[in-house]
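Only one structure is covered here, and it is reproduced in the block below.
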Amino acid sequence: MNNQAVSAPLVEPPKDYELVLKVIPMPGDCNGNGDIFGGWVMAQVDLAGSVLPARHTQGRMATVAVNEFIFKQPVRVGDILSFYAKVLHIGTTSIRVHVEALTERFDTQGKYIKVTEATITYVAIDEQGRPRPVPRR
Ligand SMILES: CC(C)(COP(=O)(O)OP(=O)(O)OC[C@H]1O[C@@H](n2cnc3c(N)ncnc32)[C@H](O)[C@@H]1OP(=O)(O)O)[C@@H](O)C(=O)NCCC(=O)NCCS
């Protein structure tokens, strides 16, 4: 485990966002620095980001774009990661979502640090994998 102290501001869970996923990284998810591999974090963000669009697409969808992805702080083994999401825009076939990942360090549970944020776009697709309109509710 990488125990180097990194000063990071404490934050509150974002208002108007929904908690869509909690996950605990394992030692097998580390990179050569001993921190959690960025690709693992990206996969979790992609999964977390798909939760709210799934309510709208009511069926198959695909990630079409990662419009922005920021790694603000490292994630460490022993952290508990919480992913909060909010729908930014619903288009004809696409849904754009903002995801914020906050961590509680192993020894400071209940105190949150923002580690990652991303904006991702998902597209509702039909059985042939072509874009289809997002059903209006
Ligand atoms: C997703 C996919 C079906 C979209 O097909 P496409 O022909 O590129 O679709 P379109 O150009 O008609 O765009 C569809 C929607 O995506 C949006 N979109 C396309 N590229 C985008 C981008 N770079 N950023 C944001 N939105 C984008 C379009 O604006 C459109 O939204 P709207 O209908 O709400 O206006 C196709 O690109 C695909 O199969 N990609 C691979 C998906 C994949 O394997 N993802 C990883 C695993 S889930």
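Identifiers for the structure tokens are assigned positionally: chains receive A, B, ... in sequence, residues are indexed from 1 per chain, and ligands are indexed from 1 in the order shown.
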List all protein, DNA and RNA residues that have any atom at most 12 Å from ligand 1, counting only C-alpha atoms and all ligand atoms, and write the list as number ranges by chain. A: 43, 46-47, 49-50, 57, 60-68, 88-97, 119-135
How about saving the chosen residues, C-alpha atoms kept, as a PDB file, in the first residue's frame?
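Written file, result-v6.pdb:
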```
ATOM      1  CA  ALA A  43     -14.284   0.933 -15.483  1.00  0.00           C
ATOM      2  CA  ASP A  46     -18.387   3.737 -16.586  1.00  0.00           C
ATOM      3  CA  LEU A  47     -20.521   1.239 -14.649  1.00  0.00           C
ATOM      4  CA  GLY A  49     -22.475   6.307 -14.914  1.00  0.00           C
ATOM      5  CA  SER A  50     -24.736   3.799 -16.644  1.00  0.00           C
ATOM      6  CA  THR A  57     -33.226   3.703 -21.991  1.00  0.00           C
ATOM      7  CA  ARG A  60     -29.722  -1.868 -24.377  1.00  0.00           C
ATOM      8  CA  MET A  61     -27.292   1.028 -24.366  1.00  0.00           C
ATOM      9  CA  ALA A  62     -23.621   1.649 -25.079  1.00  0.00           C
ATOM     10  CA  THR A  63     -21.032   4.161 -23.931  1.00  0.00           C
ATOM     11  CA  VAL A  64     -20.331   6.411 -26.908  1.00  0.00           C
ATOM     12  CA  ALA A  65     -17.985   8.972 -25.331  1.00  0.00           C
ATOM     13  CA  VAL A  66     -15.981   9.826 -22.277  1.00  0.00           C
ATOM     14  CA  ASN A  67     -16.219  13.578 -22.700  1.00  0.00           C
ATOM     15  CA  GLU A  68     -14.039  14.409 -19.688  1.00  0.00           C
ATOM     16  CA  LEU A  88     -26.957  16.424 -17.320  1.00  0.00           C
ATOM     17  CA  HIS A  89     -28.809  16.065 -20.607  1.00  0.00           C
ATOM     18  CA  ILE A  90     -31.195  13.734 -22.403  1.00  0.00           C
ATOM     19  CA  GLY A  91     -30.979  14.019 -26.181  1.00  0.00           C
ATOM     20  CA  THR A  92     -32.762  12.128 -28.936  1.00  0.00           C
ATOM     21  CA  THR A  93     -30.780   8.897 -28.495  1.00  0.00           C
ATOM     22  CA  SER A  94     -28.126   9.889 -25.934  1.00  0.00           C
ATOM     23  CA  ILE A  95     -27.859  10.659 -22.243  1.00  0.00           C
ATOM     24  CA  ARG A  96     -24.960  12.637 -20.756  1.00  0.00           C
ATOM     25  CA  VAL A  97     -24.067  11.988 -17.130  1.00  0.00           C
ATOM     26  CA  THR A 119     -18.671  13.277 -17.922  1.00  0.00           C
ATOM     27  CA  ILE A 120     -19.823  10.316 -19.995  1.00  0.00           C
ATOM     28  CA  THR A 121     -22.375   9.913 -22.790  1.00  0.00           C
ATOM     29  CA  TYR A 122     -24.453   6.769 -23.324  1.00  0.00           C
ATOM     30  CA  VAL A 123     -26.590   5.924 -26.343  1.00  0.00           C
ATOM     31  CA  ALA A 124     -29.730   3.780 -26.366  1.00  0.00           C
ATOM     32  CA  ILE A 125     -29.259   1.071 -28.993  1.00  0.00           C
ATOM     33  CA  ASP A 126     -31.559  -1.432 -30.673  1.00  0.00           C
ATOM     34  CA  GLU A 127     -30.995  -5.141 -31.257  1.00  0.00           C
ATOM     35  CA  GLN A 128     -28.769  -4.352 -34.256  1.00  0.00           C
ATOM     36  CA  GLY A 129     -26.627  -1.981 -32.174  1.00  0.00           C
ATOM     37  CA  ARG A 130     -28.007   1.133 -33.896  1.00  0.00           C
ATOM     38  CA  PRO A 131     -29.016   4.262 -31.992  1.00  0.00           C
ATOM     39  CA  ARG A 132     -32.689   4.360 -31.023  1.00  0.00           C
ATOM     40  CA  PRO A 133     -34.714   7.142 -29.417  1.00  0.00           C
ATOM     41  CA  VAL A 134     -34.645   7.363 -25.628  1.00  0.00           C
ATOM     42  CA  PRO A 135     -38.232   6.567 -24.530  1.00  0.00           C
TER      43      PRO A 135
END
```
Surrounding residues of A:Pro27 excluding itself and chain neighbours under 3 positions, 9 Å, only C-alpha atoms, as a VMD selection string: chain A and resid 1 30 34 to 36 76 to 78
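The spacing separating atom CA of A:Ile80 from atom CA of A:Phe106 amounts to 7.3 Å.
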Would you list, as a PyMOL selection string, the residues of chain A that end up in strand (DSSP E) under DSSP run on this structure's backbone? chain A and resi 10-11+18-23+61-71+80-90+94-104+112-124
Could you write out that same residue set with C-alpha atoms as a PDB file, in the first residue's frame?
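Output (out-v2.pdb):
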```pdb
ATOM      1  CA  LEU A  10     -12.416  17.202   2.525  1.00  0.00           C
ATOM      2  CA  VAL A  11     -15.724  17.512   0.700  1.00  0.00           C
ATOM      3  CA  GLU A  18     -27.614  10.008  -6.476  1.00  0.00           C
ATOM      4  CA  LEU A  19     -25.362   7.425  -4.848  1.00  0.00           C
ATOM      5  CA  VAL A  20     -25.212   4.761  -7.569  1.00  0.00           C
ATOM      6  CA  LEU A  21     -22.298   2.516  -6.537  1.00  0.00           C
ATOM      7  CA  LYS A  22     -19.973   1.703  -3.637  1.00  0.00           C
ATOM      8  CA  VAL A  23     -16.906  -0.455  -4.133  1.00  0.00           C
ATOM      9  CA  MET A  61     -27.292   1.028 -24.366  1.00  0.00           C
ATOM     10  CA  ALA A  62     -23.621   1.649 -25.079  1.00  0.00           C
ATOM     11  CA  THR A  63     -21.032   4.161 -23.931  1.00  0.00           C
ATOM     12  CA  VAL A  64     -20.331   6.411 -26.908  1.00  0.00           C
ATOM     13  CA  ALA A  65     -17.985   8.972 -25.331  1.00  0.00           C
ATOM     14  CA  VAL A  66     -15.981   9.826 -22.277  1.00  0.00           C
ATOM     15  CA  ASN A  67     -16.219  13.578 -22.700  1.00  0.00           C
ATOM     16  CA  GLU A  68     -14.039  14.409 -19.688  1.00  0.00           C
ATOM     17  CA  PHE A  69     -12.185  12.370 -17.096  1.00  0.00           C
ATOM     18  CA  ILE A  70     -10.168  13.874 -14.247  1.00  0.00           C
ATOM     19  CA  PHE A  71      -8.075  11.982 -11.720  1.00  0.00           C
ATOM     20  CA  ILE A  80     -14.135   2.800   0.256  1.00  0.00           C
ATOM     21  CA  LEU A  81     -15.182   4.467  -2.988  1.00  0.00           C
ATOM     22  CA  SER A  82     -18.601   6.035  -3.458  1.00  0.00           C
ATOM     23  CA  PHE A  83     -19.868   7.043  -6.884  1.00  0.00           C
ATOM     24  CA  TYR A  84     -22.470   9.782  -7.238  1.00  0.00           C
ATOM     25  CA  ALA A  85     -24.191  10.520 -10.542  1.00  0.00           C
ATOM     26  CA  LYS A  86     -26.454  13.109 -12.096  1.00  0.00           C
ATOM     27  CA  VAL A  87     -28.064  13.242 -15.555  1.00  0.00           C
ATOM     28  CA  LEU A  88     -26.957  16.424 -17.320  1.00  0.00           C
ATOM     29  CA  HIS A  89     -28.809  16.065 -20.607  1.00  0.00           C
ATOM     30  CA  ILE A  90     -31.195  13.734 -22.403  1.00  0.00           C
ATOM     31  CA  SER A  94     -28.126   9.889 -25.934  1.00  0.00           C
ATOM     32  CA  ILE A  95     -27.859  10.659 -22.243  1.00  0.00           C
ATOM     33  CA  ARG A  96     -24.960  12.637 -20.756  1.00  0.00           C
ATOM     34  CA  VAL A  97     -24.067  11.988 -17.130  1.00  0.00           C
ATOM     35  CA  HIS A  98     -21.689  13.520 -14.616  1.00  0.00           C
ATOM     36  CA  VAL A  99     -20.058  11.156 -12.116  1.00  0.00           C
ATOM     37  CA  GLU A 100     -18.125  12.109  -8.992  1.00  0.00           C
ATOM     38  CA  ALA A 101     -16.104   9.507  -7.101  1.00  0.00           C
ATOM     39  CA  LEU A 102     -15.407  10.244  -3.443  1.00  0.00           C
ATOM     40  CA  THR A 103     -13.190   8.152  -1.221  1.00  0.00           C
ATOM     41  CA  GLU A 104     -13.148   7.456   2.474  1.00  0.00           C
ATOM     42  CA  TYR A 112     -14.724  12.264   1.978  1.00  0.00           C
ATOM     43  CA  ILE A 113     -12.094  13.249  -0.588  1.00  0.00           C
ATOM     44  CA  LYS A 114     -12.980  13.710  -4.249  1.00  0.00           C
ATOM     45  CA  VAL A 115     -10.715  11.441  -6.280  1.00  0.00           C
ATOM     46  CA  THR A 116     -12.268  11.440  -9.742  1.00  0.00           C
ATOM     47  CA  GLU A 117     -14.909  13.135 -11.814  1.00  0.00           C
ATOM     48  CA  ALA A 118     -16.078  12.420 -15.312  1.00  0.00           C
ATOM     49  CA  THR A 119     -18.671  13.277 -17.922  1.00  0.00           C
ATOM     50  CA  ILE A 120     -19.823  10.316 -19.995  1.00  0.00           C
ATOM     51  CA  THR A 121     -22.375   9.913 -22.790  1.00  0.00           C
ATOM     52  CA  TYR A 122     -24.453   6.769 -23.324  1.00  0.00           C
ATOM     53  CA  VAL A 123     -26.590   5.924 -26.343  1.00  0.00           C
ATOM     54  CA  ALA A 124     -29.730   3.780 -26.366  1.00  0.00           C
TER      55      ALA A 124
END
```
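When DSSP reads the backbone of this structure, the residues of chain A it assigns to alpha helix (DSSP H) are Gly38, Gly39, Trp40, Val41, Met42, Ala43, Gln44, Val45, Asp46, Leu47, Ala48, Gly49, Ser50, Val51, Leu52, Pro53, Ala54, Arg55, His56 and Thr57 of chain A.
Among the candidates A:Asn33, A:Gln73, A:Gln58, A:Gln109, the one nearest to A:Ser7 when counting only C-alpha atoms is A:Gln73.
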